[in-house]
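In what follows, a structure is listed as structure tokens, so that the remarks can point back to it.
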Amino acid sequence: QVQLVESGGGLVQAGGSLRLSCAASGRSFSSYDMGWFRQAPGKEREFVAALNWNGGSTRYADSVKARFTISRDNAKKTVYLQMNSLKPEDTAVYYCAARNTDGSYYYPSQLRYQYNYWGQGTQVTVSS
């Protein structure tokens, strides 16, 4: 069992930056792939970024490539999402998710249903 708590959301102007954090509790964090998803009002939850259990492989949605960076610190049981050059269309609730893969896969999944655990979300609002 893994509990996830996101933080770092807020209000920022377009072009600005934010760094989201997701703190995990529980055992075997280092064997989990981690992902970030987001959900804007009236829209479905969508994939943003993911990285595998050791941080050696990452995946990004096309809409955030070259602007967002996902990373993890297994010693701190924390995953981060650095968001630069923010746009109003990045406004959403951002969710952290964990998938227990026991290190079996090199490439992290971008499929929402494959993630076992979810945080409560943190709001990001980008003003124009």
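All residue names refer to the structure tokens as shown: chains lettered A, B, ... in order, residues numbered from 1 in each chain, ligands numbered from 1 in order.
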Show me a table, sorted first by chain and then by increasing residue number, of the residues of range 104-125 of chain A having an atom at most 8 Å from range 32-47 of chain A, each with its shortest atom pair and the distance in Å to one decimal, counting only C-alpha atoms and written as JSON lines.
{"residue": "A:Pro108", "atom": "CA", "partner": "A:Asp33", "partner_atom": "CA", "distance": 6.2}
{"residue": "A:Ser109", "atom": "CA", "partner": "A:Asp33", "partner_atom": "CA", "distance": 8.0}
{"residue": "A:Gln110", "atom": "CA", "partner": "A:Phe47", "partner_atom": "CA", "distance": 5.9}
{"residue": "A:Leu111", "atom": "CA", "partner": "A:Phe47", "partner_atom": "CA", "distance": 7.3}
{"residue": "A:Arg112", "atom": "CA", "partner": "A:Phe47", "partner_atom": "CA", "distance": 7.1}
Skip Gly16 in chain A itself and residues of its chain fewer than 5 positions away, then list as a list in words all residues within 7 Å of it, counting only C-alpha atoms.
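Non-adjacent residues within range: Asn84, Ser85 and Leu86 of chain A.
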Could you give me, as a Markdown table, a per-residue list for range 53-87 of chain A showing, wherever an atom lies at most 12 Å from an atom of range 19-26 of chain A, the closest pair of atoms and their distance in Å to one decimal, using only C-alpha atoms and sorting by chain then residue number from low to high?
| residue | atom | partner | partner_atom | distance |
| --- | --- | --- | --- | --- |
| A:Arg67 | CA | A:Arg19 | CA | 11.8 |
| A:Phe68 | CA | A:Arg19 | CA | 9.3 |
| A:Thr69 | CA | A:Arg19 | CA | 9.3 |
| A:Ile70 | CA | A:Leu20 | CA | 9.4 |
| A:Ser71 | CA | A:Ser21 | CA | 9.7 |
| A:Arg72 | CA | A:Cys22 | CA | 9.2 |
| A:Asp73 | CA | A:Ala23 | CA | 9.9 |
| A:Asn74 | CA | A:Ala24 | CA | 9.7 |
| A:Ala75 | CA | A:Ala24 | CA | 10.8 |
| A:Lys76 | CA | A:Ala23 | CA | 7.9 |
| A:Lys77 | CA | A:Ala24 | CA | 5.4 |
| A:Thr78 | CA | A:Ala23 | CA | 4.6 |
| A:Val79 | CA | A:Cys22 | CA | 5.2 |
| A:Tyr80 | CA | A:Ser21 | CA | 4.6 |
| A:Leu81 | CA | A:Leu20 | CA | 5.0 |
| A:Gln82 | CA | A:Arg19 | CA | 4.4 |
| A:Met83 | CA | A:Arg19 | CA | 5.9 |
| A:Asn84 | CA | A:Arg19 | CA | 8.5 |
| A:Ser85 | CA | A:Arg19 | CA | 11.9 |
| A:Leu86 | CA | A:Arg19 | CA | 11.1 |
In terms of only C-alpha atoms, the residue from A:Val126, A:Leu51, A:Ala98, A:Val64 at minimal distance from Val5 in chain A is A:Ala98
Using DSSP assignments from the backbone, pull out every residue in range 2-85 of chain A that falls under strand (DSSP E or B) and give it to me as number ranges by chain.
A: 2-7, 10-13, 18-26, 32-39, 46-51, 58-60, 68-73, 78-83
One decimal, in Å: what's the spacing between CA of Gln123 in chain A and CA of Phe29 in chain A?
24.2 Å
Select from range 30-126 of chain A everything DSSP, run on the backbone, classes as helix (DSSP H, G or I), then give the selection as a list of chain:residue names.
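Put together, the selection reads A:Ser30, A:Ser31, A:Pro88, A:Glu89, A:Asp90, A:Arg112, A:Tyr113, A:Gln114.
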Residues of the last selection are to be written out with C-alpha atoms, as a tab-separated table (two decimals), in the first residue's frame.
chain	number	residue	atom	x	y	z
A	30	SER	CA	11.71	2.33	-5.39
A	31	SER	CA	9.88	-0.51	-7.15
A	88	PRO	CA	-3.12	28.96	-19.44
A	89	GLU	CA	-4.04	25.59	-20.96
A	90	ASP	CA	-1.90	23.91	-18.29
A	112	ARG	CA	-4.32	5.82	-16.38
A	113	TYR	CA	-5.89	2.43	-15.57
A	114	GLN	CA	-2.50	0.82	-15.00
Could you jot down the CA of Thr58 in chain A to CA of Gly103 in chain A separation for me, Å, one decimal place?
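Atom-to-atom, CA of Thr58 in chain A to CA of Gly103 in chain A, that is 13.9 Å.
Between CA of Gly10 in chain A and CA of Ala92 in chain A lies a distance of 10.4 Å.
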